[in-house]
file start_2.tsv (TSV, N, CA and C atoms)
chain	number	residue	atom	x	y	z
P	252	MET	N	-27.54	-62.13	-78.64
P	252	MET	CA	-28.99	-61.96	-78.63
P	252	MET	C	-29.50	-61.59	-80.02
P	253	LYS	N	-28.74	-60.72	-80.73
P	253	LYS	CA	-29.16	-60.32	-82.06
P	253	LYS	C	-29.12	-61.52	-83.01
P	254	PHE	N	-28.15	-62.39	-82.83
P	254	PHE	CA	-28.03	-63.57	-83.68
P	254	PHE	C	-29.25	-64.47	-83.52
P	255	ASN	N	-29.71	-64.65	-82.31
P	255	ASN	CA	-30.88	-65.50	-82.07
P	255	ASN	C	-32.13	-64.91	-82.71
P	256	LYS	N	-32.28	-63.60	-82.68
P	256	LYS	CA	-33.44	-62.96	-83.30
P	256	LYS	C	-33.41	-63.16	-84.81
P	257	LYS	N	-32.22	-63.04	-85.40
P	257	LYS	CA	-32.11	-63.23	-86.85
P	257	LYS	C	-32.45	-64.67	-87.24
P	258	VAL	N	-31.98	-65.61	-86.45
P	258	VAL	CA	-32.26	-67.01	-86.73
P	258	VAL	C	-33.76	-67.28	-86.61
P	259	VAL	N	-34.38	-66.76	-85.59
P	259	VAL	CA	-35.82	-66.97	-85.38
P	259	VAL	C	-36.61	-66.33	-86.52
P	260	ILE	N	-36.23	-65.13	-86.92
P	260	ILE	CA	-36.94	-64.45	-88.01
P	260	ILE	C	-36.77	-65.23	-89.32
P	261	CYS	N	-35.56	-65.70	-89.59
P	261	CYS	CA	-35.33	-66.50	-90.80
P	261	CYS	C	-36.14	-67.79	-90.78
P	262	MET	N	-36.18	-68.45	-89.65
P	262	MET	CA	-36.95	-69.69	-89.54
P	262	MET	C	-38.44	-69.44	-89.75
P	263	ILE	N	-38.95	-68.35	-89.20
P	263	ILE	CA	-40.37	-68.01	-89.37
P	263	ILE	C	-40.65	-67.73	-90.84
P	264	MET	N	-39.75	-67.01	-91.51
P	264	MET	CA	-39.95	-66.71	-92.93
P	264	MET	C	-39.92	-67.98	-93.77
P	265	ILE	N	-38.99	-68.87	-93.49
P	265	ILE	CA	-38.90	-70.12	-94.23
P	265	ILE	C	-40.14	-70.97	-93.99
P	266	LEU	N	-40.58	-71.06	-92.75
P	266	LEU	CA	-41.77	-71.84	-92.42
P	266	LEU	C	-43.01	-71.28	-93.10
P	267	SER	N	-43.14	-69.94	-93.12
P	267	SER	CA	-44.31	-69.34	-93.76
P	267	SER	C	-44.31	-69.58	-95.26
P	268	MET	N	-43.12	-69.57	-95.89
P	268	MET	CA	-43.06	-69.86	-97.32
P	268	MET	C	-43.41	-71.32	-97.61
P	269	LEU	N	-42.93	-72.23	-96.78
P	269	LEU	CA	-43.23	-73.64	-96.98
P	269	LEU	C	-44.72	-73.92	-96.80
P	270	LEU	N	-45.30	-73.36	-95.76
P	270	LEU	CA	-46.72	-73.58	-95.51
P	270	LEU	C	-47.59	-72.88	-96.55
P	271	GLY	N	-47.15	-71.72	-97.02
P	271	GLY	CA	-47.89	-71.01	-98.05
P	271	GLY	C	-47.90	-71.76	-99.37
P	272	GLY	N	-46.83	-72.47	-99.66
P	272	GLY	CA	-46.75	-73.24	-100.90
P	272	GLY	C	-47.62	-74.48	-100.88
P	273	CYS	N	-48.02	-74.93	-99.70
P	273	CYS	CA	-48.84	-76.13	-99.59
P	273	CYS	C	-50.32	-75.82	-99.59
P	274	GLY	N	-50.70	-74.57	-99.58
P	274	GLY	CA	-52.10	-74.19	-99.52
P	274	GLY	C	-52.78	-74.31	-100.87
P	275	THR	N	-54.09	-74.11	-100.87
P	275	THR	CA	-54.86	-74.14	-102.10
P	275	THR	C	-55.18	-72.72	-102.52
P	276	SER	N	-55.33	-72.52	-103.81
P	276	SER	CA	-55.68	-71.20	-104.31
P	276	SER	C	-57.19	-71.03	-104.23
P	277	LEU	N	-57.61	-69.79	-104.08
P	277	LEU	CA	-59.04	-69.52	-103.97
P	277	LEU	C	-59.72	-69.55	-105.33
P	278	GLY	N	-59.03	-69.13	-106.37
P	278	GLY	CA	-59.61	-69.11	-107.71
P	278	GLY	C	-59.29	-70.38	-108.46
P	279	SER	N	-59.97	-71.44	-108.17
P	279	SER	CA	-59.68	-72.72	-108.79
P	279	SER	C	-60.18	-72.73	-110.23
P	280	SER	N	-59.38	-73.30	-111.12
P	280	SER	CA	-59.76	-73.37	-112.52
P	280	SER	C	-60.24	-74.77	-112.91
P	281	VAL	N	-60.55	-75.59	-111.93
P	281	VAL	CA	-61.01	-76.95	-112.19
P	281	VAL	C	-62.49	-76.91	-112.56
P	282	LYS	N	-62.81	-77.56	-113.67
P	282	LYS	CA	-64.20	-77.61	-114.11
P	282	LYS	C	-64.78	-78.98	-113.80
P	283	LYS	N	-66.01	-79.01	-113.34
P	283	LYS	CA	-66.70	-80.27	-113.11
P	283	LYS	C	-67.46	-80.62	-114.38
P	284	VAL	N	-67.21	-81.81	-114.88
P	284	VAL	CA	-67.87	-82.25	-116.10
P	284	VAL	C	-68.50	-83.61	-115.86
P	285	LYS	N	-69.52	-83.90	-116.62
P	285	LYS	CA	-70.15	-85.21	-116.57
P	285	LYS	C	-69.69	-86.01	-117.78
P	286	LEU	N	-69.43	-87.27	-117.57
P	286	LEU	CA	-69.01	-88.13	-118.66
P	286	LEU	C	-70.22	-88.55	-119.48
P	287	ASP	N	-70.05	-88.56	-120.78
P	287	ASP	CA	-71.12	-88.94	-121.70
P	287	ASP	C	-70.90	-90.38	-122.16
P	288	PRO	N	-71.78	-91.31	-121.78
P	288	PRO	CA	-71.59	-92.70	-122.18
P	288	PRO	C	-71.66	-92.91	-123.69
P	289	ASP	N	-72.34	-92.02	-124.40
P	289	ASP	CA	-72.44	-92.15	-125.85
P	289	ASP	C	-71.17	-91.66	-126.56
P	290	ASN	N	-70.37	-90.87	-125.86
P	290	ASN	CA	-69.14	-90.33	-126.42
P	290	ASN	C	-68.00	-90.57	-125.43
P	291	PRO	N	-67.53	-91.82	-125.30
P	291	PRO	CA	-66.53	-92.13	-124.27
P	291	PRO	C	-65.16	-91.53	-124.60
P	292	THR	N	-64.40	-91.30	-123.56
P	292	THR	CA	-63.03	-90.81	-123.70
P	292	THR	C	-62.11	-92.00	-123.92
P	293	LYS	N	-61.25	-91.89	-124.92
P	293	LYS	CA	-60.33	-92.97	-125.23
P	293	LYS	C	-58.98	-92.67	-124.58
P	294	VAL	N	-58.48	-93.62	-123.84
P	294	VAL	CA	-57.19	-93.49	-123.18
P	294	VAL	C	-56.26	-94.56	-123.74
P	295	THR	N	-55.13	-94.14	-124.26
P	295	THR	CA	-54.13	-95.07	-124.77
P	295	THR	C	-52.96	-95.11	-123.80
P	296	ILE	N	-52.64	-96.29	-123.33
P	296	ILE	CA	-51.55	-96.45	-122.36
P	296	ILE	C	-50.46	-97.30	-123.01
P	297	TRP	N	-49.28	-96.73	-123.07
P	297	TRP	CA	-48.13	-97.49	-123.53
P	297	TRP	C	-47.43	-97.99	-122.30
P	298	HIS	N	-47.17	-99.28	-122.24
P	298	HIS	CA	-46.56	-99.85	-121.05
P	298	HIS	C	-45.54	-100.90	-121.43
P	299	TYR	N	-44.77	-101.29	-120.45
P	299	TYR	CA	-43.73	-102.31	-120.64
P	299	TYR	C	-44.03	-103.57	-119.84
P	300	TYR	N	-45.24	-103.66	-119.31
P	300	TYR	CA	-45.58	-104.78	-118.43
P	300	TYR	C	-45.57	-106.11	-119.17
P	301	ASN	N	-45.16	-107.14	-118.47
P	301	ASN	CA	-45.25	-108.51	-118.98
P	301	ASN	C	-45.38	-109.45	-117.80
P	302	GLY	N	-45.80	-110.65	-118.06
P	302	GLY	CA	-45.91	-111.65	-117.00
P	302	GLY	C	-46.91	-111.25	-115.92
P	303	ASP	N	-46.46	-111.32	-114.67
P	303	ASP	CA	-47.33	-111.02	-113.52
P	303	ASP	C	-47.80	-109.57	-113.53
P	304	GLN	N	-46.93	-108.65	-113.94
P	304	GLN	CA	-47.32	-107.25	-113.99
P	304	GLN	C	-48.46	-107.03	-114.99
P	305	LEU	N	-48.36	-107.68	-116.13
P	305	LEU	CA	-49.40	-107.54	-117.15
P	305	LEU	C	-50.72	-108.13	-116.66
P	306	GLU	N	-50.67	-109.26	-115.97
P	306	GLU	CA	-51.90	-109.85	-115.42
P	306	GLU	C	-52.54	-108.91	-114.40
P	307	ALA	N	-51.73	-108.33	-113.51
P	307	ALA	CA	-52.26	-107.40	-112.50
P	307	ALA	C	-52.83	-106.16	-113.16
P	308	PHE	N	-52.15	-105.65	-114.18
P	308	PHE	CA	-52.61	-104.47	-114.89
P	308	PHE	C	-53.95	-104.74	-115.58
P	309	ASN	N	-54.04	-105.87	-116.26
P	309	ASN	CA	-55.30	-106.23	-116.93
P	309	ASN	C	-56.43	-106.44	-115.93
P	310	LYS	N	-56.11	-106.96	-114.75
P	310	LYS	CA	-57.12	-107.14	-113.71
P	310	LYS	C	-57.65	-105.78	-113.26
P	311	LEU	N	-56.76	-104.80	-113.09
P	311	LEU	CA	-57.20	-103.46	-112.71
P	311	LEU	C	-58.07	-102.84	-113.80
P	312	ILE	N	-57.71	-103.05	-115.05
P	312	ILE	CA	-58.52	-102.53	-116.15
P	312	ILE	C	-59.90	-103.17	-116.14
P	313	ASP	N	-59.96	-104.48	-115.94
P	313	ASP	CA	-61.24	-105.18	-115.89
P	313	ASP	C	-62.10	-104.69	-114.73
P	314	GLU	N	-61.48	-104.44	-113.57
P	314	GLU	CA	-62.23	-103.92	-112.42
P	314	GLU	C	-62.79	-102.54	-112.72
P	315	PHE	N	-61.98	-101.69	-113.34
P	315	PHE	CA	-62.44	-100.35	-113.69
P	315	PHE	C	-63.58	-100.41	-114.70
P	316	ASN	N	-63.37	-101.18	-115.74
P	316	ASN	CA	-64.38	-101.27	-116.79
P	316	ASN	C	-65.67	-101.91	-116.29
P	317	GLY	N	-65.58	-102.79	-115.32
P	317	GLY	CA	-66.77	-103.41	-114.75
P	317	GLY	C	-67.55	-102.46	-113.87
P	318	SER	N	-66.90	-101.41	-113.36
P	318	SER	CA	-67.59	-100.50	-112.45
P	318	SER	C	-68.01	-99.21	-113.14
P	319	VAL	N	-67.10	-98.50	-113.77
P	319	VAL	CA	-67.45	-97.19	-114.32
P	319	VAL	C	-67.07	-97.01	-115.78
P	320	GLY	N	-66.33	-97.90	-116.35
P	320	GLY	CA	-65.87	-97.71	-117.72
P	320	GLY	C	-66.38	-98.77	-118.66
P	321	LYS	N	-66.25	-98.48	-119.93
P	321	LYS	CA	-66.57	-99.46	-120.96
P	321	LYS	C	-65.27	-99.82	-121.65
P	322	LYS	N	-65.05	-101.09	-121.82
P	322	LYS	CA	-63.78	-101.55	-122.37
P	322	LYS	C	-63.85	-101.59	-123.89
P	323	LYS	N	-62.98	-100.81	-124.50
P	323	LYS	CA	-62.81	-100.84	-125.95
P	323	LYS	C	-61.32	-100.87	-126.19
P	324	GLU	N	-60.83	-101.98	-126.68
P	324	GLU	CA	-59.40	-102.12	-126.89
P	324	GLU	C	-59.08	-102.03	-128.37
P	325	SER	N	-57.99	-101.36	-128.66
P	325	SER	CA	-57.46	-101.37	-130.02
P	325	SER	C	-55.97	-101.60	-129.92
P	326	MET	N	-55.49	-102.53	-130.71
P	326	MET	CA	-54.06	-102.85	-130.65
P	326	MET	C	-53.43	-102.75	-132.01

call {"tool": "encode", "arguments": {"input": "start_2.tsv", "output": "structure tokens"}}
result
Amino acid sequence: MKFNKKVVICMIMILSMLLGGCGTSLGSSVKKVKLDPDNPTKVTIWHYYNGDQLEAFNKLIDEFNGSVGKKKESM
């Protein structure tokens, strides 16, 4: 009987630690900022894509730039 209690207590402790690690903190340090179209953020991506992967990647870039971004490429 004592063994079963120890196992149950250990399982409860493990479960509480796992669930506690998945929670969110109350004091979030995330800042909300607005993007400035006059001062765009430059993102440089180094990749190894070629062929079909490169075509798909460029298509995603074009879709993004057509909706919310401005395309400025430097190579």

call {"tool": "atom_distance", "arguments": {"input": "start_2.tsv", "atom1": "CA of Val258 (chain P)", "atom2": "CA of Leu270 (chain P)"}}
result
18.1 Å

call {"tool": "atom_distance", "arguments": {"input": "start_2.tsv", "atom1": "CA of Thr292 (chain P)", "atom2": "CA of Asn316 (chain P)"}}
result
12.6 Å

call {"tool": "atom_distance", "arguments": {"input": "start_2.tsv", "atom1": "atom N of Lys283 (chain P)", "atom2": "atom N of Val319 (chain P)"}}
result
19.5 Å

call {"tool": "select_by_dssp", "arguments": {"input": "start_2.tsv", "residues": "region 269-319 of chain P", "states": "alpha helix (DSSP H)", "output": "mmCIF file with N, CA and C atoms, keeping the file's coordinate frame"}}
result
data_model
loop_
_atom_site.group_PDB
_atom_site.id
_atom_site.type_symbol
_atom_site.label_atom_id
_atom_site.label_comp_id
_atom_site.auth_asym_id
_atom_site.auth_seq_id
_atom_site.Cartn_x
_atom_site.Cartn_y
_atom_site.Cartn_z
ATOM 1 N N LEU P 269 -42.930 -72.230 -96.780
ATOM 2 C CA LEU P 269 -43.230 -73.640 -96.980
ATOM 3 C C LEU P 269 -44.720 -73.920 -96.800
ATOM 4 N N LEU P 270 -45.300 -73.360 -95.760
ATOM 5 C CA LEU P 270 -46.720 -73.580 -95.510
ATOM 6 C C LEU P 270 -47.590 -72.880 -96.550
ATOM 7 N N GLY P 271 -47.150 -71.720 -97.020
ATOM 8 C CA GLY P 271 -47.890 -71.010 -98.050
ATOM 9 C C GLY P 271 -47.900 -71.760 -99.370
ATOM 10 N N GLY P 272 -46.830 -72.470 -99.660
ATOM 11 C CA GLY P 272 -46.750 -73.240 -100.900
ATOM 12 C C GLY P 272 -47.620 -74.480 -100.880
ATOM 13 N N ASP P 303 -46.460 -111.320 -114.670
ATOM 14 C CA ASP P 303 -47.330 -111.020 -113.520
ATOM 15 C C ASP P 303 -47.800 -109.570 -113.530
ATOM 16 N N GLN P 304 -46.930 -108.650 -113.940
ATOM 17 C CA GLN P 304 -47.320 -107.250 -113.990
ATOM 18 C C GLN P 304 -48.460 -107.030 -114.990
ATOM 19 N N LEU P 305 -48.360 -107.680 -116.130
ATOM 20 C CA LEU P 305 -49.400 -107.540 -117.150
ATOM 21 C C LEU P 305 -50.720 -108.130 -116.660
ATOM 22 N N GLU P 306 -50.670 -109.260 -115.970
ATOM 23 C CA GLU P 306 -51.900 -109.850 -115.420
ATOM 24 C C GLU P 306 -52.540 -108.910 -114.400
ATOM 25 N N ALA P 307 -51.730 -108.330 -113.510
ATOM 26 C CA ALA P 307 -52.260 -107.400 -112.500
ATOM 27 C C ALA P 307 -52.830 -106.160 -113.160
ATOM 28 N N PHE P 308 -52.150 -105.650 -114.180
ATOM 29 C CA PHE P 308 -52.610 -104.470 -114.890
ATOM 30 C C PHE P 308 -53.950 -104.740 -115.580
ATOM 31 N N ASN P 309 -54.040 -105.870 -116.260
ATOM 32 C CA ASN P 309 -55.300 -106.230 -116.930
ATOM 33 C C ASN P 309 -56.430 -106.440 -115.930
ATOM 34 N N LYS P 310 -56.110 -106.960 -114.750
ATOM 35 C CA LYS P 310 -57.120 -107.140 -113.710
ATOM 36 C C LYS P 310 -57.650 -105.780 -113.260
ATOM 37 N N LEU P 311 -56.760 -104.800 -113.090
ATOM 38 C CA LEU P 311 -57.200 -103.460 -112.710
ATOM 39 C C LEU P 311 -58.070 -102.840 -113.800
ATOM 40 N N ILE P 312 -57.710 -103.050 -115.050
ATOM 41 C CA ILE P 312 -58.520 -102.530 -116.150
ATOM 42 C C ILE P 312 -59.900 -103.170 -116.140
ATOM 43 N N ASP P 313 -59.960 -104.480 -115.940
ATOM 44 C CA ASP P 313 -61.240 -105.180 -115.890
ATOM 45 C C ASP P 313 -62.100 -104.690 -114.730
ATOM 46 N N GLU P 314 -61.480 -104.440 -113.570
ATOM 47 C CA GLU P 314 -62.230 -103.920 -112.420
ATOM 48 C C GLU P 314 -62.790 -102.540 -112.720
ATOM 49 N N PHE P 315 -61.980 -101.690 -113.340
ATOM 50 C CA PHE P 315 -62.440 -100.350 -113.690
ATOM 51 C C PHE P 315 -63.580 -100.410 -114.700
ATOM 52 N N ASN P 316 -63.370 -101.180 -115.740
ATOM 53 C CA ASN P 316 -64.380 -101.270 -116.790
ATOM 54 C C ASN P 316 -65.670 -101.910 -116.290
ATOM 55 N N GLY P 317 -65.580 -102.790 -115.320
ATOM 56 C CA GLY P 317 -66.770 -103.410 -114.750
ATOM 57 C C GLY P 317 -67.550 -102.460 -113.870
ATOM 58 N N SER P 318 -66.900 -101.410 -113.360
ATOM 59 C CA SER P 318 -67.590 -100.500 -112.450
ATOM 60 C C SER P 318 -68.010 -99.210 -113.140
#
